[in-house]
Every structure is written in structure tokens, then in C-alpha cells.
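First the structure, in the form of C-alpha cells, and then the observations on it.
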Amino acid sequence: MFQTGLRSSPRRPQRDQAEKPFWISFSDLMTSLMVLFMVTMAVALLSITTGVNKIEAEKVARDEAIRACMADVRAIAAGDGYAGVSVAGNAIEFGHIAEFQKRGHDLPAENRAFLRKFVPPLLKAARSEKCAPWLKHITVEGYASPEGSYLYNLNLSLQRSQRVLCSLLDSRAPDALSEDDRKFIRMIFLVGGVSFNATKDRPERSRRIELKMEFREVGEGTVAHPELPWDDDPRCPLDPEK
């Protein structure tokens, strides 16, 4: 007997349908990775931009603070009783008031008294909110005229700087600075000697000292000024022992 009815042909596997979900998933994965990469790059660029903007803002704040600080110093130098003092950049020049004799490192008594009168207002400015956050040091720079050898003049210029500190730290002077000011000087003042670099037009004008305000850079960090043991020894090592 013959069986009636139609015999269906075997169904072919739907390869396209089976593979389609795989390719869709891979495409979605690549898209997700691309989105993740773009988000990461955007966050990184935003972080870099924020950092750069912060640094630029700190530079602007630093420059404004230093300008305000030096404006106060110029105002002090222009005050009554300080004729001859001038401010060039961050350097305080004293003209004939802080000039030395040839091969000498001593200062007349009236010139020492002048320095002891000028420096306390300068220290007050150095402690102010304008100066203090950025001020590193105040350096006493000594200079010499071209006469003599380099090493001789280097030592002489250092002695001239040291003479200024001896005058400022002299507790026996009738117009001696307060103990707080003398302690502050020991913390923040440095001594430098540059032989006959930066000579003036006349030899006598080259035998001088200057005070230089030195400020820290952005990112340098706050300068720590350690408080040194206090001895208050009034003797100056430049003077012969009595």
C-alpha cells in the first residue's frame, strides 16, 4: 500500500539567525568600549584643564601678592627720614648710606642707626598677609669694587653683609631692635657676597650692600623657617675681641 500525504523536506539550519545575535553583541561591545574610551578621555582632559587653570590662577595670585608686597616696601622707602633708599625690582638699595671704605667692612655709627631704623618697618611688611605667604628670604648682598683679586673681594663682600647683620642684631645699641625682630631676622635673613659683580659707575658706589626680597615659585611649597636656639650674643666676629 502506498502512503498518502506529502513528506516535508528536512529543515535547513538557520545559520543567519543563529549568528546574528553574536554579531549584534560584538557590535554593542565595541560601541560600549568606544563610549567608555571617550568618557575616560573627557575626564582626563577635564582634570588636566582644571589643573592648568589652577596653576595659572595661583601664578596670577602670586604675582598680584608680590606686587602689593613690593608696593608696601616702596612706600616705606619713600617715607620721611629714608632719603637715599630706593627699590629696584625686588632689591632695596641704600645709596651712600650703605657704602663702605676701600678694603673696609665697617659702617659709621649713624649709618648703622639708619639701618636699625629702616629695617623694623620692613620686617612688619614681611610679616603681612601680602608678603608672608610667598616670601622665602631677605638676602643681604654685599658688593666690592673691581680693585683687588676676586677671592679677596668675595670675602670682603661677605664681611660687608655680615657687618649689616651685626648692626641689626646688636642688642647693646641704644636703638636696638626688639627681641622679636632680632629673632625674625635670624630666621629669614641670609648673607650673600658677589665680589665685584654688578659694579656701579664709580668704585665707591660699588662698595655697598643691598637687601633682596626672594619669593617662592608656584608649586615650590611653603618655606619652613626653623627657629634657631636663642643666644642673643651681641659680639660681632668682625670686631677684635676685647
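In the C-alpha cells, each chain is lettered A, B, ... as it comes, each chain's residues begin at 1, and ligands are numbered from 1 in order of appearance.
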
* Asked: Residues at most 6 Å from Leu211 of chain A, counting only C-alpha atoms, excluding those fewer than 3 positions away in the same chain, as a PyMOL selection string?
  -> chain A and resi 91-92+139-140

* To do: Within 10 Å of segment 164-167 of chain A, counting only C-alpha atoms, which residues show up once you throw out same-chain ones fewer than 2 positions away? Write them as a ChimeraX atom specification, please.
  => /A:98,105-107,109,111-113,115-116,140-142,159-162,169-173,176-177,182,185-186,189-191,209-210,234-239

* Please identify all polymer residues within 9 Å of Pro121 of chain A, counting only C-alpha atoms, omitting same-chain residues fewer than 4 positions from it, and present them as a PyMOL selection string. => chain A and resi 73+76+117+125-126

Resulting file, chosen residues, N, CA and C atoms, as a PDB file, in the first residue's frame:
ATOM      1  N   VAL A  73      56.757  97.988  50.348  1.00  0.00           N
ATOM      2  CA  VAL A  73      58.180  98.247  50.609  1.00  0.00           C
ATOM      3  C   VAL A  73      58.599  99.579  49.988  1.00  0.00           C
ATOM      4  N   ILE A  76      57.460 102.360  52.167  1.00  0.00           N
ATOM      5  CA  ILE A  76      58.339 102.538  53.323  1.00  0.00           C
ATOM      6  C   ILE A  76      59.590 103.317  52.922  1.00  0.00           C
ATOM      7  N   LYS A 117      66.791 101.753  62.018  1.00  0.00           N
ATOM      8  CA  LYS A 117      65.527 102.483  61.925  1.00  0.00           C
ATOM      9  C   LYS A 117      64.679 101.996  60.752  1.00  0.00           C
ATOM     10  N   ALA A 125      56.282  94.652  57.177  1.00  0.00           N
ATOM     11  CA  ALA A 125      55.735  94.348  55.852  1.00  0.00           C
ATOM     12  C   ALA A 125      55.966  92.888  55.495  1.00  0.00           C
ATOM     13  N   ALA A 126      57.134  92.358  55.851  1.00  0.00           N
ATOM     14  CA  ALA A 126      57.449  90.959  55.537  1.00  0.00           C
ATOM     15  C   ALA A 126      56.508  89.997  56.248  1.00  0.00           C
TER      16      ALA A 126
END

* Step one, run DSSP on the backbone; step two, keep only residues of segment 8-240 of chain A assigned to strand (DSSP E or B); then write them as a PyMOL selection string. => chain A and resi 86-88+91-93+99+135-142+189-193+208-215

Print the selection's residues with C-alpha atoms to a file, as a PDB file, in the first residue's frame.
ATOM      1  CA  SER A  86      65.292 103.163  46.527  1.00  0.00           C
ATOM      2  CA  VAL A  87      63.617  99.958  45.369  1.00  0.00           C
ATOM      3  CA  ALA A  88      64.543  98.392  42.020  1.00  0.00           C
ATOM      4  CA  ALA A  91      66.074  94.823  45.609  1.00  0.00           C
ATOM      5  CA  ILE A  92      66.351  97.608  48.197  1.00  0.00           C
ATOM      6  CA  GLU A  93      69.299  99.931  47.559  1.00  0.00           C
ATOM      7  CA  GLU A  99      78.699 102.421  51.139  1.00  0.00           C
ATOM      8  CA  LEU A 135      58.431  85.394  50.918  1.00  0.00           C
ATOM      9  CA  LYS A 136      61.345  82.951  51.154  1.00  0.00           C
ATOM     10  CA  HIS A 137      64.252  85.044  52.377  1.00  0.00           C
ATOM     11  CA  ILE A 138      65.674  88.527  52.607  1.00  0.00           C
ATOM     12  CA  THR A 139      69.269  88.313  51.453  1.00  0.00           C
ATOM     13  CA  VAL A 140      71.899  90.864  52.437  1.00  0.00           C
ATOM     14  CA  GLU A 141      74.046  91.068  49.305  1.00  0.00           C
ATOM     15  CA  GLY A 142      77.496  92.587  49.688  1.00  0.00           C
ATOM     16  CA  PHE A 189      67.810  86.856  56.611  1.00  0.00           C
ATOM     17  CA  LEU A 190      70.615  85.303  54.579  1.00  0.00           C
ATOM     18  CA  VAL A 191      74.073  86.627  53.801  1.00  0.00           C
ATOM     19  CA  GLY A 192      75.496  86.719  50.287  1.00  0.00           C
ATOM     20  CA  GLY A 193      78.671  88.063  48.715  1.00  0.00           C
ATOM     21  CA  ARG A 208      77.789  98.631  49.039  1.00  0.00           C
ATOM     22  CA  ILE A 209      75.093  96.278  50.291  1.00  0.00           C
ATOM     23  CA  GLU A 210      71.567  95.645  49.082  1.00  0.00           C
ATOM     24  CA  LEU A 211      68.613  93.817  50.582  1.00  0.00           C
ATOM     25  CA  LYS A 212      66.935  91.431  48.154  1.00  0.00           C
ATOM     26  CA  MET A 213      63.445  90.066  48.702  1.00  0.00           C
ATOM     27  CA  GLU A 214      63.293  86.491  47.425  1.00  0.00           C
ATOM     28  CA  PHE A 215      59.916  84.881  46.767  1.00  0.00           C
TER      29      PHE A 215
END

* Given only C-alpha atoms as the counted atoms, nearest of A:Arg207, A:Lys124, A:Arg216, A:Lys54 to Arg103 of chain A ->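 Comparing A:Arg207, A:Lys124, A:Arg216, A:Lys54 against Arg103 of chain A, the winner is A:Arg207.
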
* Asked: Separation of atom CA of Ile55 of chain A and atom CA of Val43 of chain A, in Å?
  ->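 Value for the atom CA of Ile55 of chain A-atom CA of Val43 of chain A distance: 18.3 Å.
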
* So which bits of segment 109-167 of chain A end up helix (DSSP H, G or I) when you DSSP the backbone, as a PyMOL selection string? -> chain A and resi 109-126+150-167

Output the selection as a JSON list (two decimals), in the first residue's frame - N, CA and C atoms for each residue.
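Produced file selection18.json, reproduced below:
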[["chain", "number", "residue", "atom", "x", "y", "z"],
["A", 109, "ALA", "N", 78.64, 104.96, 62.72],
["A", 109, "ALA", "CA", 77.58, 104.74, 63.70],
["A", 109, "ALA", "C", 76.23, 105.26, 63.19],
["A", 110, "GLU", "N", 76.25, 106.42, 62.50],
["A", 110, "GLU", "CA", 74.98, 106.97, 62.03],
["A", 110, "GLU", "C", 74.36, 106.10, 60.93],
["A", 111, "ASN", "N", 75.19, 105.44, 60.13],
["A", 111, "ASN", "CA", 74.66, 104.55, 59.09],
["A", 111, "ASN", "C", 74.08, 103.27, 59.71],
["A", 112, "ARG", "N", 74.72, 102.78, 60.77],
["A", 112, "ARG", "CA", 74.17, 101.62, 61.46],
["A", 112, "ARG", "C", 72.81, 101.97, 62.08],
["A", 113, "ALA", "N", 72.74, 103.18, 62.67],
["A", 113, "ALA", "CA", 71.48, 103.61, 63.26],
["A", 113, "ALA", "C", 70.40, 103.75, 62.19],
["A", 114, "PHE", "N", 70.79, 104.22, 61.01],
["A", 114, "PHE", "CA", 69.81, 104.34, 59.92],
["A", 114, "PHE", "C", 69.25, 102.97, 59.56],
["A", 115, "LEU", "N", 70.08, 101.95, 59.45],
["A", 115, "LEU", "CA", 69.61, 100.61, 59.12],
["A", 115, "LEU", "C", 68.70, 100.06, 60.20],
["A", 116, "ARG", "N", 69.03, 100.33, 61.47],
["A", 116, "ARG", "CA", 68.18, 99.85, 62.56],
["A", 116, "ARG", "C", 66.83, 100.58, 62.60],
["A", 117, "LYS", "N", 66.79, 101.75, 62.02],
["A", 117, "LYS", "CA", 65.53, 102.48, 61.93],
["A", 117, "LYS", "C", 64.68, 102.00, 60.75],
["A", 118, "PHE", "N", 65.35, 101.65, 59.63],
["A", 118, "PHE", "CA", 64.62, 101.27, 58.42],
["A", 118, "PHE", "C", 64.10, 99.84, 58.47],
["A", 119, "VAL", "N", 64.85, 98.93, 59.06],
["A", 119, "VAL", "CA", 64.52, 97.50, 58.95],
["A", 119, "VAL", "C", 63.25, 97.11, 59.71],
["A", 120, "PRO", "N", 62.94, 97.63, 60.90],
["A", 120, "PRO", "CA", 61.70, 97.20, 61.57],
["A", 120, "PRO", "C", 60.44, 97.40, 60.74],
["A", 121, "PRO", "N", 60.22, 98.54, 60.06],
["A", 121, "PRO", "CA", 59.04, 98.62, 59.18],
["A", 121, "PRO", "C", 59.09, 97.61, 58.04],
["A", 122, "LEU", "N", 60.29, 97.31, 57.56],
["A", 122, "LEU", "CA", 60.43, 96.29, 56.52],
["A", 122, "LEU", "C", 60.02, 94.92, 57.05],
["A", 123, "LEU", "N", 60.40, 94.60, 58.27],
["A", 123, "LEU", "CA", 60.02, 93.32, 58.87],
["A", 123, "LEU", "C", 58.51, 93.24, 59.08],
["A", 124, "LYS", "N", 57.90, 94.37, 59.44],
["A", 124, "LYS", "CA", 56.45, 94.40, 59.59],
["A", 124, "LYS", "C", 55.76, 94.08, 58.27],
["A", 125, "ALA", "N", 56.28, 94.65, 57.18],
["A", 125, "ALA", "CA", 55.73, 94.35, 55.85],
["A", 125, "ALA", "C", 55.97, 92.89, 55.49],
["A", 126, "ALA", "N", 57.13, 92.36, 55.85],
["A", 126, "ALA", "CA", 57.45, 90.96, 55.54],
["A", 126, "ALA", "C", 56.51, 90.00, 56.25],
["A", 150, "TYR", "N", 89.70, 88.54, 42.93],
["A", 150, "TYR", "CA", 88.32, 88.06, 43.04],
["A", 150, "TYR", "C", 88.05, 87.47, 44.41],
["A", 151, "LEU", "N", 88.90, 86.58, 44.89],
["A", 151, "LEU", "CA", 88.66, 85.93, 46.17],
["A", 151, "LEU", "C", 88.75, 86.91, 47.33],
["A", 152, "TYR", "N", 89.66, 87.86, 47.23],
["A", 152, "TYR", "CA", 89.75, 88.88, 48.28],
["A", 152, "TYR", "C", 88.45, 89.68, 48.35],
["A", 153, "ASN", "N", 87.97, 90.10, 47.19],
["A", 153, "ASN", "CA", 86.74, 90.88, 47.16],
["A", 153, "ASN", "C", 85.52, 90.05, 47.54],
["A", 154, "LEU", "N", 85.55, 88.76, 47.22],
["A", 154, "LEU", "CA", 84.44, 87.89, 47.62],
["A", 154, "LEU", "C", 84.34, 87.84, 49.14],
["A", 155, "ASN", "N", 85.46, 87.66, 49.80],
["A", 155, "ASN", "CA", 85.47, 87.64, 51.26],
["A", 155, "ASN", "C", 85.07, 89.00, 51.82],
["A", 156, "LEU", "N", 85.55, 90.06, 51.18],
["A", 156, "LEU", "CA", 85.22, 91.41, 51.65],
["A", 156, "LEU", "C", 83.72, 91.69, 51.52],
["A", 157, "SER", "N", 83.13, 91.26, 50.42],
["A", 157, "SER", "CA", 81.70, 91.49, 50.22],
["A", 157, "SER", "C", 80.87, 90.70, 51.24],
["A", 158, "LEU", "N", 81.33, 89.50, 51.59],
["A", 158, "LEU", "CA", 80.66, 88.74, 52.64],
["A", 158, "LEU", "C", 80.78, 89.43, 54.00],
["A", 159, "GLN", "N", 81.94, 89.99, 54.28],
["A", 159, "GLN", "CA", 82.13, 90.71, 55.53],
["A", 159, "GLN", "C", 81.23, 91.93, 55.61],
["A", 160, "ARG", "N", 81.03, 92.59, 54.50],
["A", 160, "ARG", "CA", 80.14, 93.75, 54.48],
["A", 160, "ARG", "C", 78.69, 93.34, 54.77],
["A", 161, "SER", "N", 78.28, 92.21, 54.21],
["A", 161, "SER", "CA", 76.95, 91.70, 54.51],
["A", 161, "SER", "C", 76.83, 91.34, 55.99],
["A", 162, "GLN", "N", 77.88, 90.71, 56.50],
["A", 162, "GLN", "CA", 77.86, 90.31, 57.90],
["A", 162, "GLN", "C", 77.84, 91.53, 58.82],
["A", 163, "ARG", "N", 78.50, 92.60, 58.42],
["A", 163, "ARG", "CA", 78.50, 93.82, 59.22],
["A", 163, "ARG", "C", 77.09, 94.37, 59.39],
["A", 164, "VAL", "N", 76.31, 94.29, 58.33],
["A", 164, "VAL", "CA", 74.93, 94.77, 58.41],
["A", 164, "VAL", "C", 74.14, 93.94, 59.42],
["A", 165, "LEU", "N", 74.31, 92.62, 59.39],
["A", 165, "LEU", "CA", 73.61, 91.77, 60.35],
["A", 165, "LEU", "C", 74.09, 92.03, 61.78],
["A", 166, "CYS", "N", 75.38, 92.27, 61.92],
["A", 166, "CYS", "CA", 75.89, 92.60, 63.25],
["A", 166, "CYS", "C", 75.24, 93.88, 63.78],
["A", 167, "SER", "N", 75.04, 94.85, 62.89],
["A", 167, "SER", "CA", 74.42, 96.11, 63.30],
["A", 167, "SER", "C", 72.97, 95.91, 63.69]]

* **Among listed residues A:Glu241, A:Ala132, A:Asp232, A:Gly95, nearest Asp180 of chain A (using only C-alpha atoms)** =>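 Residue with the minimum atom-to-atom distance to Asp180 of chain A: A:Asp232.
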
* So how far away is atom CA of Asp231 of chain A from atom CA of Pro108 of chain A, in Å? ->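 Between atom CA of Pro108 of chain A and atom CA of Asp231 of chain A the gap works out to 26.0 Å.
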
* **Nearest to Glu217 of chain A, chosen from A:Ala78, A:Ile97, A:Val85, A:Ala61, with only C-alpha atoms counted in the distances** => A:Ala61
